file coords_28.cif (mmCIF, C-alpha atoms)
data_model
#
loop_
_atom_site.label_atom_id
_atom_site.label_comp_id
_atom_site.auth_asym_id
_atom_site.auth_seq_id
_atom_site.Cartn_x
_atom_site.Cartn_y
_atom_site.Cartn_z
CA MET I 7 93.86 135.71 72.01
CA THR I 8 92.27 132.48 70.67
CA ARG I 9 93.71 133.18 67.22
CA PHE I 10 97.17 133.64 68.78
CA TRP I 11 97.14 130.23 70.46
CA VAL I 12 95.83 128.59 67.30
CA CYS I 13 98.78 130.05 65.39
CA ILE I 14 101.22 128.85 68.03
CA ALA I 15 99.73 125.34 67.94
CA GLY I 16 99.87 125.28 64.14
CA ALA I 17 103.51 126.36 64.13
CA GLY I 18 104.39 123.69 66.66
CA PHE I 19 102.61 121.01 64.62
CA PHE I 20 104.45 122.09 61.46
CA LEU I 21 107.83 121.94 63.20
CA ALA I 22 107.03 118.51 64.58
CA LEU I 23 106.27 117.28 61.06
CA LEU I 24 109.61 118.65 59.85
CA VAL I 25 111.47 116.86 62.61
CA LEU I 26 109.71 113.54 61.88
CA HIS I 27 110.28 113.94 58.15
CA SER I 28 113.98 114.67 58.62
CA ARG I 29 114.27 111.67 60.96
CA PHE I 30 112.59 109.06 58.79
CA CYS I 31 112.65 110.47 55.26
CA ALA I 32 115.78 112.59 55.17
CA SER I 33 117.46 110.47 52.54
CA ARG I 34 114.77 111.44 50.04
CA LEU I 35 115.27 115.17 50.43
CA PRO I 36 117.25 117.04 47.77
CA PRO I 37 120.63 118.36 49.06
CA HIS I 38 119.57 122.01 49.04
CA LEU I 39 116.65 121.22 51.32
CA HIS I 40 118.94 119.40 53.72
CA LEU I 41 121.11 122.51 53.93
CA ALA I 42 118.19 124.88 54.45
CA PHE I 43 116.84 122.74 57.27
CA LYS I 44 120.15 122.56 59.07
CA ILE I 45 120.80 126.28 58.81
CA SER I 46 117.38 127.14 60.19
CA TRP I 47 118.07 125.06 63.29
CA ARG I 48 121.50 126.51 64.05
CA ALA I 49 121.17 128.33 67.36
CA GLU I 50 122.90 131.68 67.84
CA GLU I 51 123.02 133.40 71.19
CA ILE I 52 121.61 136.89 71.58
CA LEU I 53 124.09 138.66 73.84
CA TYR I 54 123.34 142.35 73.20
CA ARG I 55 120.43 144.66 72.53
CA LEU I 56 120.37 148.23 71.25
CA ASP I 57 120.01 150.97 73.85
CA VAL I 58 117.59 153.25 71.99
CA ASP I 59 117.93 155.94 74.66
CA TRP I 60 121.65 156.56 74.01
CA PRO I 61 122.50 159.33 73.57
CA LYS I 62 119.69 161.39 74.98
CA TYR I 63 119.95 163.84 72.06
CA SER I 64 121.53 162.76 68.78
CA GLU I 65 121.69 166.22 67.20
CA TYR I 66 125.21 166.65 68.60
CA PHE I 67 126.46 164.27 65.89
CA THR I 68 127.14 166.73 63.07
CA GLY I 69 129.86 164.93 61.12
CA ALA I 70 131.13 161.47 60.22
CA THR I 71 131.68 159.66 63.52
CA PHE I 72 134.93 157.73 63.06
CA CYS I 73 135.76 156.53 66.56
CA VAL I 74 134.60 156.21 70.14
CA ALA I 75 136.33 155.59 73.48
CA VAL I 76 134.95 154.73 76.90
CA ASP I 77 136.52 156.07 80.10
CA SER I 78 134.97 153.53 82.45
CA LEU I 79 136.79 154.94 85.45
CA ASN I 80 134.96 158.26 85.15
CA GLY I 81 131.83 157.17 83.27
CA LEU I 82 132.66 159.18 80.14
CA VAL I 83 132.32 158.45 76.42
CA TYR I 84 134.42 160.33 73.86
CA VAL I 85 133.34 160.54 70.22
CA ALA I 86 135.55 161.95 67.46
CA GLN I 87 133.96 163.10 64.22
CA ARG I 88 135.10 164.65 60.95
CA GLY I 89 133.70 167.60 59.05
CA ASP I 90 134.14 171.29 58.37
CA ASN I 91 133.35 173.89 61.01
CA ILE I 92 132.16 171.36 63.58
CA PRO I 93 133.46 170.27 67.00
CA LYS I 94 135.76 167.31 66.44
CA VAL I 95 135.44 165.74 69.90
CA LEU I 96 132.20 165.24 71.82
CA VAL I 97 132.06 164.13 75.45
CA PHE I 98 129.05 162.27 76.84
CA THR I 99 128.28 160.41 80.03
CA GLU I 100 127.78 156.66 79.79
CA ASP I 101 124.11 157.41 80.49
CA GLY I 102 123.94 159.45 77.29
CA TYR I 103 124.01 163.04 78.53
CA PHE I 104 126.10 165.51 76.52
CA LEU I 105 128.74 167.33 78.56
CA ARG I 106 130.98 169.35 76.24
CA SER I 107 132.87 169.47 72.96
CA TRP I 108 136.25 170.70 71.77
CA ASN I 109 138.20 171.15 68.59
CA TYR I 110 141.66 172.42 69.53
CA THR I 111 144.55 170.98 67.45
CA VAL I 112 142.41 168.14 66.04
CA ASP I 113 142.64 167.90 62.26
CA THR I 114 141.28 164.57 60.98
CA PRO I 115 140.67 162.07 63.79
CA HIS I 116 140.79 158.36 63.04
CA GLY I 117 141.18 156.43 66.32
CA ILE I 118 140.66 157.35 69.97
CA PHE I 119 141.51 155.73 73.31
CA ALA I 120 140.66 156.79 76.87
CA ALA I 121 143.52 156.09 79.29
CA SER I 122 142.46 157.64 82.57
CA THR I 123 143.94 156.91 86.00
CA PRO I 124 142.65 157.97 89.43
CA GLN I 125 145.00 160.95 89.15
CA GLU I 126 144.35 161.99 85.55
CA LYS I 127 141.57 162.01 82.95
CA SER I 128 143.16 161.63 79.52
CA VAL I 129 142.31 160.65 75.96
CA TRP I 130 144.57 159.86 73.00
CA ILE I 131 143.66 160.60 69.36
CA THR I 132 145.31 159.40 66.16
CA ASP I 133 145.24 162.17 63.57
CA VAL I 134 145.55 161.33 59.86
CA GLY I 135 145.12 164.87 58.55
CA SER I 136 147.44 166.60 56.12
CA GLY I 137 147.57 169.86 58.08
CA PHE I 138 149.98 171.07 60.74
CA TYR I 139 148.75 168.58 63.35
CA GLY I 140 148.37 165.63 61.00
CA HIS I 141 150.17 162.25 61.09
CA THR I 142 150.46 162.38 64.87
CA ILE I 143 149.12 160.76 67.99
CA LYS I 144 148.07 163.27 70.62
CA LYS I 145 147.17 163.10 74.28
CA TYR I 146 144.56 165.48 75.71
CA ASN I 147 142.91 165.99 79.04
CA SER I 148 139.16 165.64 79.31
CA PHE I 149 138.62 169.32 78.42
CA GLY I 150 140.71 169.23 75.23
CA ASP I 151 143.98 170.71 76.45
CA LEU I 152 146.90 169.25 74.51
CA VAL I 153 149.28 167.34 76.77
CA GLN I 154 151.58 165.29 74.51
CA VAL I 155 152.34 164.84 70.80
CA LEU I 156 153.89 161.69 69.33
CA GLY I 157 155.25 161.75 65.79
CA THR I 158 156.38 164.63 63.61
CA PRO I 159 153.47 167.09 63.27
CA GLY I 160 152.43 167.67 59.68
CA LYS I 161 155.05 165.31 58.23
CA LYS I 162 154.31 161.73 57.30
CA GLY I 163 157.15 159.25 57.17
CA THR I 164 158.68 155.92 58.15
CA GLY I 165 161.39 157.20 60.50
CA LEU I 166 161.95 155.97 64.04
CA ASN I 167 164.32 158.70 65.27
CA PRO I 168 162.54 161.04 65.25
CA LEU I 169 159.41 158.92 65.24
CA GLN I 170 157.15 159.44 62.24
CA PHE I 171 153.73 158.07 61.31
CA ASP I 172 151.67 157.92 58.15
CA ASN I 173 147.94 157.65 58.83
CA PRO I 174 148.22 156.07 62.32
CA ALA I 175 145.00 154.10 62.73
CA GLU I 176 144.57 153.37 66.44
CA LEU I 177 146.34 152.78 69.72
CA HIS I 178 145.96 150.96 73.01
CA VAL I 179 147.43 152.16 76.33
CA ASP I 180 147.65 149.41 78.94
CA ASP I 181 147.55 149.82 82.71
CA THR I 182 151.35 150.07 82.92
CA GLY I 183 151.38 153.04 80.54
CA ASP I 184 152.91 151.11 77.64
CA ILE I 185 151.45 152.09 74.25
CA TYR I 186 150.62 149.86 71.27
CA ILE I 187 150.16 151.63 67.94
CA VAL I 188 148.96 150.37 64.56
CA ASP I 189 150.37 152.55 61.78
CA GLY I 190 148.88 153.03 59.25
CA ASP I 191 145.56 153.23 57.54
CA GLY I 192 146.59 152.92 53.90
CA GLY I 193 149.76 154.99 54.18
CA LEU I 194 153.48 154.26 53.87
CA ASN I 195 153.60 152.08 56.97
CA ASN I 196 152.11 148.72 57.87
CA ARG I 197 153.42 148.15 61.36
CA LEU I 198 152.73 147.54 65.04
CA ILE I 199 154.84 149.55 67.47
CA LYS I 200 155.16 149.18 71.23
CA LEU I 201 156.32 152.24 73.18
CA SER I 202 157.22 152.46 76.84
CA GLN I 203 155.46 154.93 79.09
CA ASP I 204 158.32 157.37 78.45
CA PHE I 205 157.83 156.88 74.66
CA MET I 206 160.86 154.72 73.91
CA ILE I 207 160.43 152.04 71.22
CA LEU I 208 160.38 148.61 72.87
CA TRP I 209 159.68 146.55 69.76
CA LEU I 210 158.31 146.91 66.26
CA ARG I 211 156.69 144.34 63.99
CA GLY I 212 155.42 144.50 60.46
CA GLU I 213 155.79 145.57 56.88
CA ASN I 214 153.47 145.34 53.91
CA GLY I 215 152.68 141.72 53.11
CA THR I 216 150.50 138.70 53.74
CA GLY I 217 152.74 136.46 55.84
CA PRO I 218 153.01 136.20 59.62
CA ALA I 219 153.64 139.56 61.32
CA LYS I 220 153.07 141.42 58.05
CA PHE I 221 150.11 143.71 57.48
CA ASN I 222 147.82 145.24 54.92
CA ILE I 223 146.09 148.12 56.72
CA PRO I 224 146.50 147.32 60.43
CA HIS I 225 143.38 149.12 61.58
CA SER I 226 142.71 148.38 65.25
CA VAL I 227 144.62 147.06 68.25
CA THR I 228 143.83 145.82 71.75
CA VAL I 229 145.46 143.77 74.52
CA ASP I 230 143.74 140.91 76.33
CA SER I 231 144.06 139.97 80.00
CA THR I 232 146.55 137.18 79.27
CA GLY I 233 149.15 139.43 77.67
CA ARG I 234 148.36 139.02 73.98
CA VAL I 235 148.18 141.89 71.50
CA TRP I 236 145.41 141.57 68.90
CA VAL I 237 145.57 143.47 65.61
CA ALA I 238 142.74 143.83 63.09
CA ASP I 239 144.69 143.25 59.86
CA ARG I 240 141.87 144.56 57.74
CA GLY I 241 143.27 144.20 54.22
CA ASN I 242 144.46 140.65 54.89
CA LYS I 243 141.08 139.64 56.35
CA ARG I 244 142.42 138.37 59.65
CA LEU I 245 143.22 139.04 63.28
CA GLN I 246 146.91 138.65 64.14
CA VAL I 247 148.11 137.94 67.68
CA PHE I 248 151.44 138.85 69.32
CA ASP I 249 153.08 138.39 72.69
CA LYS I 250 152.79 141.59 74.68
CA ASP I 251 156.28 141.43 76.17
CA THR I 252 158.40 140.06 73.33
CA GLY I 253 156.40 140.94 70.23
CA ASP I 254 156.59 137.31 69.08
CA TRP I 255 153.91 136.26 66.60
CA LEU I 256 151.44 133.83 68.20
CA GLY I 257 149.04 133.10 65.37
CA GLU I 258 146.10 134.40 63.37
CA TRP I 259 142.35 134.04 62.95
CA LYS I 260 141.14 133.99 59.34
CA ASN I 261 138.26 131.53 59.10
CA CYS I 262 135.68 134.03 60.42
CA PHE I 263 136.57 136.71 57.88
CA SER I 264 136.17 135.16 54.45
CA GLU I 265 133.69 137.87 53.41
CA GLU I 266 135.45 140.91 54.87
CA GLY I 267 138.30 141.69 57.21
CA PRO I 268 137.86 143.15 60.70
CA SER I 269 137.97 146.92 61.13
CA ALA I 270 137.84 146.95 64.95
CA VAL I 271 138.64 144.54 67.78
CA ARG I 272 137.91 144.65 71.53
CA PHE I 273 137.41 142.19 74.41
CA THR I 274 134.51 142.04 76.84
CA PRO I 275 135.44 142.83 80.47
CA ASP I 276 135.20 139.20 81.56
CA GLY I 277 137.53 138.13 78.74
CA LYS I 278 135.04 135.62 77.36
CA TYR I 279 134.31 137.26 74.03
CA VAL I 280 135.99 139.22 71.26
CA VAL I 281 133.87 141.94 69.63
CA VAL I 282 134.74 142.69 66.01
CA ALA I 283 133.32 145.18 63.49
CA GLN I 284 133.09 144.60 59.74
CA LEU I 285 132.79 147.95 58.01
CA ASN I 286 131.32 147.20 54.58
CA LEU I 287 129.08 144.37 55.79
CA SER I 288 127.67 146.66 58.49
CA ARG I 289 128.01 143.82 60.97
CA LEU I 290 129.37 143.09 64.43
CA LEU I 291 130.70 139.63 65.26
CA ILE I 292 130.91 138.23 68.79
CA LEU I 293 133.66 135.59 68.89
CA VAL I 294 134.63 133.15 71.62
CA ALA I 295 137.90 134.31 73.20
CA PRO I 296 140.62 131.65 73.31
CA PRO I 297 142.09 130.31 76.56
CA VAL I 298 145.69 130.82 77.55
CA GLY I 299 148.04 129.11 75.10
CA ASN I 300 147.22 128.16 71.53
CA ILE I 301 144.65 130.57 70.08
CA GLY I 302 143.12 127.88 67.82
CA ASP I 303 140.45 128.92 65.32
CA CYS I 304 137.87 131.65 65.76
CA SER I 305 134.26 130.75 66.46
CA VAL I 306 131.27 133.08 66.05
CA VAL I 307 128.78 132.86 68.90
CA SER I 308 126.58 135.83 67.93
CA THR I 309 126.18 138.50 65.27
CA ILE I 310 124.59 141.93 65.23
CA GLN I 311 123.48 142.86 61.73
CA LEU I 312 123.15 146.61 61.30
CA ALA I 313 121.26 148.39 58.55
CA ASP I 314 122.85 148.67 55.12
CA GLN I 315 125.54 151.34 54.77
CA VAL I 316 125.68 152.02 58.51
CA SER I 317 129.41 151.19 58.26
CA PRO I 318 130.71 150.47 61.78
CA HIS I 319 134.28 151.80 61.74
CA LEU I 320 135.69 151.48 65.25
CA LEU I 321 134.19 150.52 68.61
CA ASP I 322 134.93 150.35 72.32
CA VAL I 323 133.64 148.35 75.27
CA SER I 324 132.93 149.66 78.77
CA ARG I 325 135.01 147.85 81.38
CA GLU I 326 132.33 148.59 83.96
CA THR I 327 129.09 147.57 82.23
CA GLY I 328 130.21 145.59 79.19
CA ALA I 329 128.29 147.95 76.90
CA VAL I 330 129.55 148.17 73.32
CA TYR I 331 129.74 151.60 71.70
CA VAL I 332 129.96 151.60 67.89
CA ALA I 333 131.11 154.54 65.76
CA GLU I 334 129.20 154.39 62.47
CA ILE I 335 130.63 156.55 59.69
CA GLY I 336 127.78 155.78 57.29
CA ALA I 337 124.98 156.57 59.72
CA LYS I 338 126.99 159.43 61.28
CA GLN I 339 126.22 158.39 64.81
CA VAL I 340 127.40 156.28 67.73
CA GLN I 341 125.13 153.53 68.99
CA LYS I 342 125.27 151.68 72.29
CA TYR I 343 124.57 147.96 72.69
CA ILE I 344 124.07 146.64 76.19
CA PRO I 345 124.40 143.04 77.37
CA VAL I 346 121.11 141.19 77.76
CA ASN I 347 120.13 140.33 81.31
CA ARG I 348 121.61 136.85 81.54
CA TYR I 349 124.95 138.08 80.19
CA PHE I 350 124.96 141.34 82.15
CA SER I 351 124.80 139.37 85.40
CA LEU I 352 128.37 138.27 84.71
CA PHE I 353 129.57 141.84 85.09
CA SER I 354 127.41 142.79 88.07
CA SER I 355 128.17 139.67 90.13
#
call {"tool": "encode", "arguments": {"input": "coords_28.cif", "output": "structure tokens"}}
result
Amino acid sequence: MTRFWVCIAGAGFFLALLVLHSRFCASRLPPHLHLAFKISWRAEEILYRLDVDWPKYSEYFTGATFCVAVDSLNGLVYVAQRGDNIPKVLVFTEDGYFLRSWNYTVDTPHGIFAASTPQEKSVWITDVGSGFYGHTIKKYNSFGDLVQVLGTPGKKGTGLNPLQFDNPAELHVDDTGDIYIVDGDGGLNNRLIKLSQDFMILWLRGENGTGPAKFNIPHSVTVDSTGRVWVADRGNKRLQVFDKDTGDWLGEWKNCFSEEGPSAVRFTPDGKYVVVAQLNLSRLLILVAPPVGNIGDCSVVSTIQLADQVSPHLLDVSRETGAVYVAEIGAKQVQKYIPVNRYFSLFSS
């Protein structure tokens, strides 16, 4: 114990010397030392910690885990994975207990979204497979029974009547039942489509390109509480923002993604933060959400650096607890990050 306090005192004394030196002798320091000192003092908030007890048993992950969805209304977590002769969809509780799995009509899952109501438990899956059920977006109940198919099964394309997809990446279903789809993940299409709850096209934005409302692999989509649609434009290294009702382009965030574009985007339940995944950097970014109006520039408030080659692909956030679930295709698992105590109090108050 004495050695511990001696170390603490020594560290404090050393830091005090650095502060005094930078205050009175900073002009004599070489530029690279100035930079190192400033970076070391830049504070970054710690908002999440890994829940090492989720799931209770990880042996259920038997393939590459591409996506995850949280049904906060019913306390369920859906995981979709790829591989031969394995269950494609796994269902857990938010506490980490395995409930069931199913495989019916799922070819090659890419994105998943839970859209339950008090009357119905449902989950949507985007399927990028080349088989009979590929290039579609499908709605299932919680037990894997097929309820609805969007697109032309087994046929990729650009058509709108009938509607066709090519590698649809992800979707978001809002509380009104309207559906926002990003299509596609490296295929023929680079577009954002809004459908009504009866599956009529309300508006469409996008084509391949780098300008406003153009895309290069639109990979993830979500809607914030102020009526803005956010798209992870992965190949263009930016987030693009659209008006939910009109489809008008509202702006973009690029300055946070100079190293790599975003592969996933979600908001925290309180609307304060945007959670973004960067696949090849194996990193999560926590960004400050903009107020109503001009979106401004993005600002990183916290990062979660994962191990090399973990490769976070898509993620989801629990509306109830604020927990972040990350589907990692490199590690072949889903991990859960829970808000630290001071941040969690925002959701429980």
call {"tool": "closest_residue", "arguments": {"input": "coords_28.cif", "among": "I:Gly192, I:Gly117, I:Gly150, I:Gly135", "to": "His178 in chain I", "atoms": "all atoms listed in the file"}}
result
I:Gly117
call {"tool": "resolve_selection", "arguments": {"input": "coords_28.cif", "expression": "the PyMOL selection byres ((chain I and resi 260) around 8)", "output": "JSON list (two decimals) with C-alpha atoms, in the frame of the given file"}}
result
[["chain", "number", "residue", "atom", "x", "y", "z"],
["I", 243, "LYS", "CA", 141.08, 139.64, 56.35],
["I", 244, "ARG", "CA", 142.42, 138.37, 59.65],
["I", 245, "LEU", "CA", 143.22, 139.04, 63.28],
["I", 258, "GLU", "CA", 146.10, 134.40, 63.37],
["I", 259, "TRP", "CA", 142.35, 134.04, 62.95],
["I", 261, "ASN", "CA", 138.26, 131.53, 59.10],
["I", 262, "CYS", "CA", 135.68, 134.03, 60.42],
["I", 263, "PHE", "CA", 136.57, 136.71, 57.88],
["I", 264, "SER", "CA", 136.17, 135.16, 54.45],
["I", 303, "ASP", "CA", 140.45, 128.92, 65.32],
["I", 304, "CYS", "CA", 137.87, 131.65, 65.76]]
call {"tool": "resolve_selection", "arguments": {"input": "coords_28.cif", "expression": "the PyMOL selection byres ((chain I and resi 156) around 9)", "output": "PyMOL selection string"}}
result
chain I and resi 142-145+154-155+157-159+169-171+205
call {"tool": "atom_distance", "arguments": {"input": "coords_28.cif", "atom1": "CA of Ser305 in chain I", "atom2": "CA of Gly233 in chain I"}}
result
20.6 Å
call {"tool": "atom_distance", "arguments": {"input": "coords_28.cif", "atom1": "CA of Thr228 in chain I", "atom2": "CA of Ala313 in chain I"}}
result
26.3 Å
call {"tool": "closest_residue", "arguments": {"input": "coords_28.cif", "among": "I:Pro93, I:Gly267, I:Pro275, I:Gly336", "to": "Trp108 in chain I", "atoms": "only C-alpha atoms"}}
result
I:Pro93
call {"tool": "residues_around", "arguments": {"input": "coords_28.cif", "residues": "Leu177 in chain I", "least_positions_apart": "4", "cutoff": "9 Å", "atoms": "only C-alpha atoms", "output": "PyMOL selection string"}}
result
chain I and resi 117-119+130-132+143+185-189+226-228
call {"tool": "resolve_selection", "arguments": {"input": "coords_28.cif", "expression": "the PyMOL selection byres ((chain I and resi 207-220) around 9)", "output": "PyMOL selection string"}}
result
chain I and resi 166+194-202+205-206+221-223+239+242+246-248+251-255+257-258
call {"tool": "atom_distance", "arguments": {"input": "coords_28.cif", "atom1": "CA of Ala337 in chain I", "atom2": "CA of Gln87 in chain I"}}
result
12.0 Å
call {"tool": "closest_residue", "arguments": {"input": "coords_28.cif", "among": "I:Thr71, I:Asn109, I:Ser308, I:Ser136", "to": "Asn91 in chain I", "atoms": "only C-alpha atoms"}}
result
I:Asn109
call {"tool": "residues_around", "arguments": {"input": "coords_28.cif", "residues": "Cys73 in chain I", "least_positions_apart": "2", "cutoff": "8 Å", "atoms": "only C-alpha atoms", "output": "list of chain:residue names"}}
result
I:Thr71, I:Ala75, I:Val85, I:Ala86, I:Gln87, I:Pro115, I:His116, I:Gly117, I:Ile118, I:His319, I:Leu320, I:Leu321, I:Val332, I:Ala333
call {"tool": "residues_around", "arguments": {"input": "coords_28.cif", "residues": "range 96-100 of chain I", "least_positions_apart": "4", "cutoff": "8 Å", "atoms": "only C-alpha atoms", "output": "count of residues only"}}
result
14
call {"tool": "closest_residue", "arguments": {"input": "coords_28.cif", "among": "I:Tyr139, I:Tyr343, I:Tyr54, I:Phe67", "to": "Asn173 in chain I", "atoms": "all atoms listed in the file"}}
result
I:Tyr139
call {"tool": "closest_residue", "arguments": {"input": "coords_28.cif", "among": "I:Ala121, I:Val74, I:Val298, I:Leu293", "to": "Gln339 in chain I", "atoms": "only C-alpha atoms"}}
result
I:Val74
call {"tool": "residues_around", "arguments": {"input": "coords_28.cif", "residues": "Asp113 in chain I", "least_positions_apart": "6", "cutoff": "9 Å", "atoms": "all atoms listed in the file", "output": "JSON list (two decimals) with C-alpha atoms, in the frame of the given file"}}
result
[["chain", "number", "residue", "atom", "x", "y", "z"],
["I", 88, "ARG", "CA", 135.10, 164.65, 60.95],
["I", 94, "LYS", "CA", 135.76, 167.31, 66.44],
["I", 133, "ASP", "CA", 145.24, 162.17, 63.57],
["I", 134, "VAL", "CA", 145.55, 161.33, 59.86],
["I", 135, "GLY", "CA", 145.12, 164.87, 58.55],
["I", 136, "SER", "CA", 147.44, 166.60, 56.12],
["I", 137, "GLY", "CA", 147.57, 169.86, 58.08],
["I", 138, "PHE", "CA", 149.98, 171.07, 60.74],
["I", 139, "TYR", "CA", 148.75, 168.58, 63.35],
["I", 140, "GLY", "CA", 148.37, 165.63, 61.00]]
call {"tool": "residues_near_point", "arguments": {"input": "coords_28.cif", "point": "(122.7, 150.4, 53.2)", "cutoff": "10 Å", "atoms": "all atoms listed in the file", "output": "PyMOL selection string"}}
result
chain I and resi 286-288+312-317+336-337
call {"tool": "closest_residue", "arguments": {"input": "coords_28.cif", "among": "I:Asp77, I:Asp249, I:Asp90, I:Gly102", "to": "Ile301 in chain I", "atoms": "only C-alpha atoms"}}
result
I:Asp249
